[in-house]
Each structure stands twice: as C-alpha cells, then as structure tokens.
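Visitor: Sharing target.csv, CSV, C-alpha atoms and all ligand atoms:
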chain,number,residue,atom,x,y,z
A,197,MET,CA,-20.2,-13.8,-8.4
A,198,SER,CA,-18.4,-15.5,-5.5
A,199,GLY,CA,-19.8,-15.1,-2.0
A,200,TYR,CA,-18.3,-12.6,0.3
A,201,PRO,CA,-15.7,-13.7,2.8
A,202,GLU,CA,-16.0,-13.6,6.6
A,203,GLN,CA,-12.7,-11.9,6.9
A,204,VAL,CA,-10.2,-9.9,4.8
A,205,ARG,CA,-6.7,-8.7,5.4
A,206,VAL,CA,-6.1,-4.9,5.4
A,207,ARG,CA,-2.5,-3.6,5.3
A,208,GLU,CA,-2.2,0.0,6.4
A,209,VAL,CA,0.2,1.9,4.2
A,210,GLY,CA,-0.3,5.4,5.4
A,211,PRO,CA,3.0,5.7,7.3
A,212,ARG,CA,4.8,5.0,4.0
A,213,ASP,CA,2.5,5.8,1.0
A,214,GLY,CA,0.9,8.6,3.0
A,215,PHE,CA,3.7,10.4,4.7
A,216,GLN,CA,5.9,10.1,1.5
A,217,ASN,CA,3.4,12.3,-0.3
A,218,GLU,CA,3.0,15.1,2.3
A,219,PRO,CA,4.7,18.3,1.3
A,220,GLU,CA,6.0,18.9,4.8
A,221,ARG,CA,8.3,16.4,6.4
A,222,ILE,CA,6.5,14.9,9.4
A,223,ALA,CA,8.6,14.9,12.6
A,224,THR,CA,9.9,11.4,13.6
A,225,ALA,CA,8.3,11.6,17.0
A,226,ASP,CA,4.9,12.3,15.4
A,227,LYS,CA,5.3,9.3,13.0
A,228,ILE,CA,6.2,7.0,15.9
A,229,ARG,CA,3.2,8.2,17.9
A,230,LEU,CA,0.8,7.7,15.0
A,231,ILE,CA,2.2,4.3,14.0
A,232,ASP,CA,1.9,3.2,17.7
A,233,GLY,CA,-1.7,4.4,17.7
A,234,LEU,CA,-2.6,2.7,14.4
A,235,ALA,CA,-1.0,-0.5,15.6
A,236,ARG,CA,-3.4,-0.5,18.6
A,237,THR,CA,-6.6,-0.3,16.4
A,238,GLY,CA,-6.5,-3.9,15.4
A,239,LEU,CA,-4.6,-3.3,12.2
A,240,ALA,CA,-2.4,-6.4,11.9
A,241,HIS,CA,-0.4,-5.5,8.9
A,242,MET,CA,1.3,-2.1,8.4
A,243,GLU,CA,3.9,-0.7,6.0
A,244,VAL,CA,5.8,1.7,8.2
A,245,ALA,CA,9.0,2.8,6.4
A,246,SER,CA,10.9,2.9,3.2
A,247,PHE,CA,14.6,2.7,2.5
A,248,VAL,CA,14.6,5.1,-0.4
A,249,ARG,CA,17.4,7.6,-1.1
A,250,PRO,CA,17.0,10.5,1.4
A,251,ASP,CA,17.8,13.0,-1.3
A,252,VAL,CA,15.0,11.7,-3.5
A,253,ILE,CA,12.3,11.3,-0.8
A,254,PRO,CA,13.4,13.3,2.3
A,255,GLN,CA,10.0,12.7,3.9
A,256,LEU,CA,11.1,9.1,4.7
A,257,ASP,CA,14.8,9.7,5.5
A,258,ASP,CA,14.2,8.6,9.2
A,259,ALA,CA,13.3,4.9,8.5
A,260,VAL,CA,15.8,3.6,11.0
A,261,ALA,CA,14.7,6.0,13.7
A,262,VAL,CA,11.1,5.2,13.1
A,263,LEU,CA,11.7,1.4,13.2
A,264,ASP,CA,13.8,1.8,16.4
A,265,GLY,CA,11.3,4.1,18.0
A,266,ILE,CA,8.0,2.4,17.4
A,267,ASP,CA,6.5,0.0,20.0
A,268,VAL,CA,3.8,-2.1,18.3
A,269,PRO,CA,1.9,-5.1,19.9
A,270,ASP,CA,3.0,-8.6,19.1
A,271,GLY,CA,1.2,-10.0,16.1
A,272,VAL,CA,1.3,-6.8,14.1
A,273,ALA,CA,3.3,-7.6,11.0
A,274,LEU,CA,5.5,-4.8,9.8
A,275,SER,CA,6.5,-4.2,6.2
A,276,VAL,CA,9.2,-1.9,4.8
A,277,LEU,CA,9.5,-0.8,1.2
A,278,VAL,CA,12.8,-1.1,-0.6
A,279,PRO,CA,13.4,0.4,-4.1
A,280,ASN,CA,16.6,-1.4,-5.0
A,281,GLU,CA,19.5,-3.5,-3.8
A,282,ARG,CA,21.2,-0.7,-2.0
A,283,GLY,CA,18.0,0.1,-0.1
A,284,LEU,CA,17.7,-3.6,0.7
A,285,GLN,CA,21.2,-3.8,2.1
A,286,THR,CA,20.4,-0.9,4.5
A,287,ALA,CA,17.1,-2.4,5.4
A,288,LEU,CA,18.7,-5.8,6.2
A,289,GLU,CA,20.9,-4.2,8.8
A,290,HIS,CA,17.7,-3.7,10.8
A,291,LYS,CA,16.0,-6.9,9.8
A,292,ASP,CA,15.0,-7.8,13.4
A,293,ARG,CA,12.6,-4.8,13.3
A,294,PHE,CA,10.2,-6.0,10.5
A,295,HIS,CA,8.7,-9.1,9.0
A,296,ASP,CA,8.1,-8.3,5.4
A,297,VAL,CA,10.0,-6.5,2.6
A,298,ALA,CA,7.9,-4.9,0.0
A,299,ILE,CA,9.4,-4.5,-3.5
A,300,PHE,CA,7.9,-2.7,-6.5
A,301,LEU,CA,8.1,-1.7,-10.1
A,302,SER,CA,5.7,-0.3,-12.6
A,303,ALA,CA,4.0,-2.1,-15.5
A,304,SER,CA,4.5,0.9,-17.7
A,305,GLU,CA,8.0,1.8,-19.0
A,306,THR,CA,7.5,5.5,-18.7
A,307,HIS,CA,6.2,5.4,-15.2
A,308,ASN,CA,8.9,3.1,-14.1
A,309,LYS,CA,11.5,5.3,-15.7
A,310,LYS,CA,10.2,8.4,-14.0
A,311,ASN,CA,9.7,6.7,-10.7
A,312,VAL,CA,12.9,4.7,-10.3
A,313,ASN,CA,14.9,5.7,-13.4
A,314,ARG,CA,15.2,2.2,-14.8
A,315,SER,CA,13.6,0.2,-17.6
A,316,ILE,CA,11.1,-2.5,-16.5
A,317,GLU,CA,13.7,-5.2,-17.5
A,318,GLN,CA,16.4,-3.6,-15.4
A,319,SER,CA,14.0,-3.4,-12.4
A,320,LEU,CA,13.0,-7.0,-12.9
A,321,GLU,CA,16.5,-8.3,-13.0
A,322,ALA,CA,17.4,-6.4,-9.8
A,323,LEU,CA,14.2,-7.7,-8.1
A,324,GLU,CA,15.0,-11.2,-9.2
A,325,ARG,CA,18.3,-10.9,-7.4
A,326,MET,CA,16.7,-9.3,-4.3
A,327,VAL,CA,13.9,-11.8,-3.7
A,328,PRO,CA,16.2,-14.8,-2.8
A,329,VAL,CA,18.2,-12.5,-0.5
A,330,ILE,CA,15.1,-11.4,1.3
A,331,LYS,CA,13.8,-15.0,1.6
A,332,GLY,CA,17.3,-16.2,2.6
A,333,GLU,CA,17.1,-13.8,5.6
A,334,GLY,CA,13.9,-15.5,6.8
A,335,LEU,CA,11.7,-12.6,5.8
A,336,ARG,CA,8.5,-12.5,3.9
A,337,CYS,CA,8.5,-10.8,0.5
A,338,SER,CA,5.6,-9.0,-1.1
A,339,ALA,CA,5.7,-7.3,-4.4
A,340,VAL,CA,3.5,-4.5,-5.9
A,341,ILE,CA,3.2,-3.8,-9.6
A,342,ALA,CA,2.4,-0.1,-9.9
A,343,THR,CA,0.2,1.3,-12.7
A,344,SER,CA,-1.3,-2.2,-13.2
A,345,PHE,CA,-4.6,-0.7,-14.3
A,346,GLY,CA,-3.4,2.2,-16.4
A,347,CYS,CA,-0.5,4.7,-16.8
A,348,PRO,CA,-0.9,8.5,-16.6
A,349,TYR,CA,1.8,8.7,-19.4
A,350,GLU,CA,1.1,5.7,-21.6
A,351,GLY,CA,-2.7,5.2,-21.1
A,352,PRO,CA,-4.0,1.6,-21.0
A,353,VAL,CA,-1.7,-1.0,-19.7
A,354,ASP,CA,-1.9,-4.5,-21.2
A,355,PRO,CA,-2.9,-6.9,-18.4
A,356,GLY,CA,-0.8,-9.6,-20.2
A,357,LYS,CA,2.3,-7.4,-19.6
A,358,VAL,CA,1.3,-7.1,-15.9
A,359,PHE,CA,0.9,-10.8,-15.5
A,360,GLU,CA,4.1,-11.5,-17.3
A,361,ILE,CA,5.9,-9.3,-14.7
A,362,GLY,CA,4.0,-11.0,-11.9
A,363,GLY,CA,5.0,-14.4,-13.3
A,364,ARG,CA,8.7,-13.5,-13.2
A,365,LEU,CA,8.3,-12.3,-9.6
A,366,GLU,CA,6.4,-15.3,-8.6
A,367,ALA,CA,9.1,-17.6,-10.1
A,368,ALA,CA,11.7,-15.6,-8.1
A,369,GLY,CA,9.9,-16.6,-4.9
A,370,ILE,CA,7.7,-13.8,-3.6
A,371,ASP,CA,5.0,-14.6,-1.1
A,372,GLU,CA,2.4,-12.0,-2.1
A,373,LEU,CA,1.6,-10.1,-5.3
A,374,GLY,CA,-0.1,-6.8,-5.2
A,375,PHE,CA,-1.5,-4.7,-8.1
A,376,GLY,CA,-1.4,-1.0,-7.7
A,377,ASP,CA,-3.8,1.5,-9.2
A,378,THR,CA,-1.2,4.0,-8.6
A,379,THR,CA,-2.9,7.1,-10.1
A,380,GLY,CA,-6.5,6.0,-9.7
A,381,MET,CA,-7.4,5.0,-13.2
A,382,ALA,CA,-9.1,1.6,-12.6
A,383,ASN,CA,-12.8,1.0,-13.0
A,384,PRO,CA,-14.8,-1.8,-11.4
A,385,ARG,CA,-15.5,-3.7,-14.7
A,386,GLN,CA,-11.8,-3.6,-15.5
A,387,VAL,CA,-10.9,-4.8,-12.0
A,388,ARG,CA,-13.3,-7.7,-12.2
A,389,GLU,CA,-11.8,-8.9,-15.5
A,390,PHE,CA,-8.3,-8.3,-14.3
A,391,PHE,CA,-8.5,-10.3,-11.1
A,392,GLY,CA,-10.5,-13.0,-12.8
A,393,ARG,CA,-7.5,-13.6,-15.1
A,394,ALA,CA,-5.0,-13.0,-12.3
A,395,PHE,CA,-6.4,-15.8,-10.1
A,396,GLU,CA,-6.2,-18.2,-13.1
A,397,LEU,CA,-2.5,-17.5,-13.5
A,398,SER,CA,-1.2,-17.1,-10.0
A,399,GLY,CA,-1.2,-19.3,-6.9
A,400,LEU,CA,-0.1,-16.4,-4.6
A,401,GLU,CA,-2.0,-14.2,-2.2
A,402,LEU,CA,-3.2,-11.4,-4.5
A,403,THR,CA,-3.5,-7.9,-3.1
A,404,ALA,CA,-5.4,-4.9,-4.4
A,405,HIS,CA,-3.9,-1.5,-3.8
A,406,PHE,CA,-6.4,1.1,-5.0
A,407,HIS,CA,-6.2,4.8,-5.0
A,408,ASN,CA,-9.3,7.0,-4.8
A,409,THR,CA,-8.0,9.7,-7.0
A,410,ARG,CA,-11.2,9.8,-9.0
A,411,GLY,CA,-13.6,8.5,-6.4
A,412,GLN,CA,-13.7,4.9,-7.7
A,413,GLY,CA,-11.7,3.3,-5.0
A,414,LEU,CA,-14.4,1.5,-3.0
A,415,ALA,CA,-16.3,0.5,-6.1
A,416,ASN,CA,-13.0,-1.2,-7.2
A,417,VAL,CA,-12.7,-2.9,-3.8
A,418,LEU,CA,-16.2,-4.3,-4.3
A,419,ALA,CA,-15.3,-5.6,-7.7
A,420,ALA,CA,-12.1,-7.1,-6.4
A,421,LEU,CA,-13.9,-8.7,-3.4
A,422,GLU,CA,-16.4,-10.3,-5.8
A,423,THR,CA,-13.6,-12.0,-7.8
A,424,GLY,CA,-12.0,-13.4,-4.7
A,425,VAL,CA,-9.5,-10.8,-3.5
A,426,ARG,CA,-9.1,-11.1,0.2
A,427,SER,CA,-6.2,-8.7,0.8
A,428,PHE,CA,-6.3,-4.9,0.5
A,429,GLU,CA,-4.0,-2.0,1.1
A,430,SER,CA,-5.2,1.4,2.2
A,431,SER,CA,-4.1,4.6,3.9
A,432,PHE,CA,-5.7,6.2,7.0
A,433,GLY,CA,-7.1,9.6,6.3
A,434,GLU,CA,-6.9,9.0,2.6
A,435,LEU,CA,-3.3,10.1,2.7
A,436,GLY,CA,-1.0,9.1,-0.1
A,437,GLY,CA,-0.7,9.2,-3.8
A,438,CYS,CA,2.2,8.9,-6.1
A,439,PRO,CA,5.3,11.1,-6.5
A,440,VAL,CA,4.8,11.2,-10.3
A,441,PRO,CA,2.9,12.8,-11.9
A,442,PRO,CA,1.9,15.7,-9.6
A,443,GLY,CA,-1.7,15.6,-8.4
A,444,SER,CA,-1.9,11.8,-8.1
A,445,THR,CA,-3.6,12.1,-4.7
A,446,GLY,CA,-5.2,9.7,-2.4
A,447,ASN,CA,-5.1,6.0,-1.5
A,448,ILE,CA,-8.5,4.6,-0.5
A,449,ALA,CA,-9.0,5.7,3.1
A,450,THR,CA,-8.6,2.8,5.6
A,451,GLU,CA,-11.5,4.0,7.7
A,452,ASP,CA,-13.8,4.2,4.6
A,453,LEU,CA,-12.7,0.7,3.6
A,454,ILE,CA,-13.2,-0.7,7.1
A,455,SER,CA,-16.6,0.9,7.5
A,456,MET,CA,-17.8,-0.5,4.2
A,457,LEU,CA,-16.5,-4.0,4.9
A,458,HIS,CA,-18.0,-4.0,8.4
A,459,GLU,CA,-21.3,-2.8,7.1
A,460,MET,CA,-21.2,-5.7,4.6
A,461,GLY,CA,-20.6,-8.2,7.5
A,462,ILE,CA,-16.9,-8.7,6.5
A,463,GLY,CA,-14.5,-8.8,9.4
A,464,THR,CA,-11.2,-7.0,9.5
A,465,GLY,CA,-10.2,-7.2,13.1
A,466,VAL,CA,-10.0,-3.4,13.2
A,467,ASP,CA,-11.8,-1.2,15.8
A,468,LEU,CA,-13.3,1.5,13.6
A,469,ASP,CA,-13.8,4.0,16.4
A,470,ALA,CA,-10.2,3.7,17.5
A,471,LEU,CA,-9.0,4.1,13.9
A,472,ILE,CA,-11.1,7.2,13.4
A,473,GLU,CA,-9.6,8.7,16.5
A,474,VAL,CA,-6.1,8.1,15.2
A,475,SER,CA,-7.0,9.5,11.8
A,476,ARG,CA,-8.5,12.6,13.4
A,477,ALA,CA,-5.3,13.1,15.4
A,478,VAL,CA,-3.3,13.2,12.2
A,479,GLN,CA,-5.1,16.4,11.2
A,480,GLU,CA,-3.4,18.2,14.0
A,481,VAL,CA,0.0,16.9,13.0
A,482,LEU,CA,-0.6,17.8,9.3
A,483,GLY,CA,-2.3,21.1,10.1
A,484,ARG,CA,-5.1,20.5,7.7
A,485,ARG,CA,-8.4,18.7,7.6
A,486,LEU,CA,-8.6,15.2,6.1
A,487,THR,CA,-11.4,14.4,3.9
A,488,SER,CA,-12.1,10.7,4.0
A,489,HIS,CA,-15.8,10.2,4.2
A,490,VAL,CA,-15.9,8.5,7.6
A,491,ILE,CA,-13.6,11.1,9.3
A,492,VAL,CA,-16.1,13.7,8.2
A,493,ALA,CA,-19.4,11.8,8.7
A,494,GLY,CA,-18.5,9.4,11.5
A,495,PRO,CA,-19.4,5.7,11.3
A,496,VAL,CA,-22.9,4.5,10.2
A,497,GLY,CA,-25.6,4.9,12.9
A,498,TRP,CA,-23.6,7.5,14.7
A,499,GLY,CA,-23.7,10.7,12.7
A,500,ALA,CA,-27.5,11.0,13.0
A,501,VAL,CA,-27.5,11.1,16.8
A,502,ARG,CA,-24.4,13.2,17.3
A,503,PRO,CA,-25.1,16.6,18.9
B,601,ZN,ZN,-0.3,3.8,-3.4
Spit out the file's structure as structure tokens when you get a sec.
Ligand code: ZN

Guide:
Amino acid sequence: MSGYPEQVRVREVGPRDGFQNEPERIATADKIRLIDGLARTGLAHMEVASFVRPDVIPQLDDAVAVLDGIDVPDGVALSVLVPNERGLQTALEHKDRFHDVAIFLSASETHNKKNVNRSIEQSLEALERMVPVIKGEGLRCSAVIATSFGCPYEGPVDPGKVFEIGGRLEAAGIDELGFGDTTGMANPRQVREFFGRAFELSGLELTAHFHNTRGQGLANVLAALETGVRSFESSFGELGGCPVPPGSTGNIATEDLISMLHEMGIGTGVDLDALIEVSRAVQEVLGRRLTSHVIVAGPVGWGAVRP
C-alpha cells in the first residue's frame, strides 16, 4: 500500500454529468448561478458544459449561453465535453471560454453503440483525429473511457481492452486519461488491480470517475487512492448517472468525497461548508431532496451539536 497523498485533485462534473441526467431541463440562469457558486467553493476543476446534439440531450442545449454567462474566479480550470468532431467544431468557436476538452468513448461495444451509435473503432479513429486539433488550439485534452470496470449489457470488461484503448489515446496526445465506472459496477479489489496495471502502462495523469449506483463509490475511491490515483471526478449532490441504461443513477457525491478526504487528512482546496450550501441550494432548483450523505447529515463533528 502506498502512503496517502497530501493533496488530490477533484473535478466537479455535476453541471454536465449531473444536469444531463435530470428529467427536467434546468433553466440556464439557474445553471449559471450554481456553477458560479461551485466555482467559489475552492473547486479548481469543473466540467461545465457539453457540445452534444440538442435533439439527443436537450438538457445541455444551452452550452454556449452557460459558457458566456458564468463568471468563475481566475484559476478555476473549465472543461467541456465533446462527443464528436461536429461537437468539437462548435466548441472551438468558443475556445476562449474553457481550458480543457473532454472526449470519451466506451470500452464496451454495446454501450458505445447505444451511447454514441458507433463502434469502438469508429469512435477511436474520430478521437485520434480530434486530439491533435484540440492540442493545436492550445487546449488541454482529457479522455474518459466509460464502462471501464464493467458493462450493463456485456458484463465484465477486459482491462486489457481498456488499456489498449487508453494506449491509442495516449499515443494521440491526450494529457489525462480517466476511467469511468459509468453504471456503478466496480468493486474495490477490482479497482486496486486495475489501477495497479494502469500505472505500469501509462505515464499520464490517471483519473477515477466512480458512480455510487450501488453504494461502492467511496470504497472504490479508497482503493484507487491506495494504488496512487490522485485525480477524481465527482458530482455535487450525487447528481448524475448515465443516459443508458435507465436507472444508472448517481456519481459519487463531491461533498461526500471531500468530507472523507479531509477526514483522512488529504487536502482538496475545497471549503466543505460552502460546498454543502451550494448543494443544498440545488434542492430548490430541482424541487426534490438530494440524498448525498453529507447533505443529509452535515460534516463530521457538526451533526451532533446541531439543534
Ligand atoms: Zn459519470
């Protein structure tokens, strides 16, 4: 077991992964207010928009208005998700508004087909064309491989296949490689073995993107931390999920992640109280209660003395 780090990086993906999976379309003004609030909690990395087809994901059809409307402090690195070359072209028209382009595909043929209607090879070939374009514009490029730890349609996913895809993307010039447990199928033992191998194969910053669909999200974070992962993605309020299949709810909640890391003495730069306040405000926007642990219970040492 490696020692724990003093600091890890957390990228907030709620404004994209979260809002995308809400049944109701969130008003642009509310998105802007929430992103501006999140950006003032100390979160230094945020994925805030996606250039997907509006007829496919209408919840995110206001990417340009969101990017134009937000006012985030200097030093907050913004990321936008692009699904394909067409989305990238649109995104690049607004390239002064963000720092990083996130690209993705699935490690499972069936999930990739259902998610982006392409084979893995077709997706990879497009991404291999896109990465040099992104880098040529002076932007950072991060990639996420979805269903890295299991596919709801195909079952187990061969890590060798995931690393082969990762190797192609690394060769294409990406800066960061993320592995998504898109439908919450990973377990801590698997995560430990997976990242142990990943660090042998890759020289990139490796990021863990866990979902808490079955309650194993933070256990997986711990396993990843212990193999040397220093970069995590999470979603405030435990928002998020995956468009396919239905019922794939819940990224790990940013406030639960931050709370655990801080209790372990691992810094994140995030003000947990401020983050909880923003997460609670989202409940009013969504018209429902959010159920991340720390939203319900409050931070450690606080709940017991609350009136
Ligand atoms: Zn996700």

Visitor: From the list A:His405, A:Arg393, A:Arg221, A:Lys357, which residue is nearest Ala339 in chain A when using only C-alpha atoms?

Guide: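 Using only C-alpha atoms, the shortest distance to Ala339 in chain A belongs to A:His405.
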
Visitor: One number please: CA of Gly356 in chain A to CA of Arg410 in chain A, in Å, one decimal.

Guide: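 One can read the CA of Gly356 in chain A to CA of Arg410 in chain A distance as 24.7 Å.
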
Visitor: Which residue is closest to ligand ZN 601 (chain B)? Choose from A:Glu366, A:Asp264, A:Asp226, A:Glu429 and count all atoms listed in the file.

Guide: A:Glu429

Visitor: So that I can check the surroundings of Pro279 in chain A, please list as a short mmCIF file (atom, residue, chain, number, x, y, z; two decimals) with C-alpha atoms, in the frame of the given file every protein, DNA and RNA residue that reaches within 12 Å of it, counting all atoms listed in the file and ignoring chain neighbours fewer than 2 positions away.

Guide:
data_model
loop_
_atom_site.label_atom_id
_atom_site.label_comp_id
_atom_site.auth_asym_id
_atom_site.auth_seq_id
_atom_site.Cartn_x
_atom_site.Cartn_y
_atom_site.Cartn_z
CA ALA A 245 9.00 2.80 6.40
CA SER A 246 10.90 2.90 3.20
CA PHE A 247 14.60 2.70 2.50
CA VAL A 248 14.60 5.10 -0.40
CA ARG A 249 17.40 7.60 -1.10
CA VAL A 252 15.00 11.70 -3.50
CA ILE A 253 12.30 11.30 -0.80
CA VAL A 276 9.20 -1.90 4.80
CA LEU A 277 9.50 -0.80 1.20
CA GLU A 281 19.50 -3.50 -3.80
CA ARG A 282 21.20 -0.70 -2.00
CA GLY A 283 18.00 0.10 -0.10
CA LEU A 284 17.70 -3.60 0.70
CA GLN A 285 21.20 -3.80 2.10
CA THR A 286 20.40 -0.90 4.50
CA ALA A 287 17.10 -2.40 5.40
CA VAL A 297 10.00 -6.50 2.60
CA ALA A 298 7.90 -4.90 0.00
CA ILE A 299 9.40 -4.50 -3.50
CA PHE A 300 7.90 -2.70 -6.50
CA LEU A 301 8.10 -1.70 -10.10
CA SER A 302 5.70 -0.30 -12.60
CA ASN A 308 8.90 3.10 -14.10
CA ASN A 311 9.70 6.70 -10.70
CA VAL A 312 12.90 4.70 -10.30
CA ASN A 313 14.90 5.70 -13.40
CA ARG A 314 15.20 2.20 -14.80
CA SER A 319 14.00 -3.40 -12.40
CA LEU A 320 13.00 -7.00 -12.90
CA ALA A 322 17.40 -6.40 -9.80
CA LEU A 323 14.20 -7.70 -8.10
CA MET A 326 16.70 -9.30 -4.30
CA ALA A 339 5.70 -7.30 -4.40
CA VAL A 340 3.50 -4.50 -5.90
#

Visitor: So, with all atoms listed in the file as the atoms that count, which of A:Leu335, A:Ile330, A:Leu435, A:Cys347 lies closest to ligand ZN 601 (chain B)?

Guide: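 Going through A:Leu335, A:Ile330, A:Leu435, A:Cys347 one by one, the smallest distance to ligand ZN 601 (chain B) is for A:Leu435.
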
Visitor: Could the residues of chain A that have an atom at most 6 Å from ligand ZN 601 (chain B) be listed as CSV, each with its closest atom pair and the distance in Å to one decimal, counting all atoms listed in the file and ordered by chain and ascending residue number?

Guide:
residue,atom,partner,partner_atom,distance
A:Asp213,CA,B:ZN601,ZN,5.6
A:Thr378,CA,B:ZN601,ZN,5.3
A:Gly437,CA,B:ZN601,ZN,5.4
A:Asn447,CA,B:ZN601,ZN,5.6

Visitor: Compute the distance from (-10.5, -2.7, 2.7) to each atom, counting only C-alpha atoms, keep the residues with any atom at most 7 Å away, and return them as a list in words; use the coordinates of the file.

Guide: Val206, Val417, Phe428, Glu429, Ser430, Thr450, Leu453, Ile454 and Leu457 of chain A
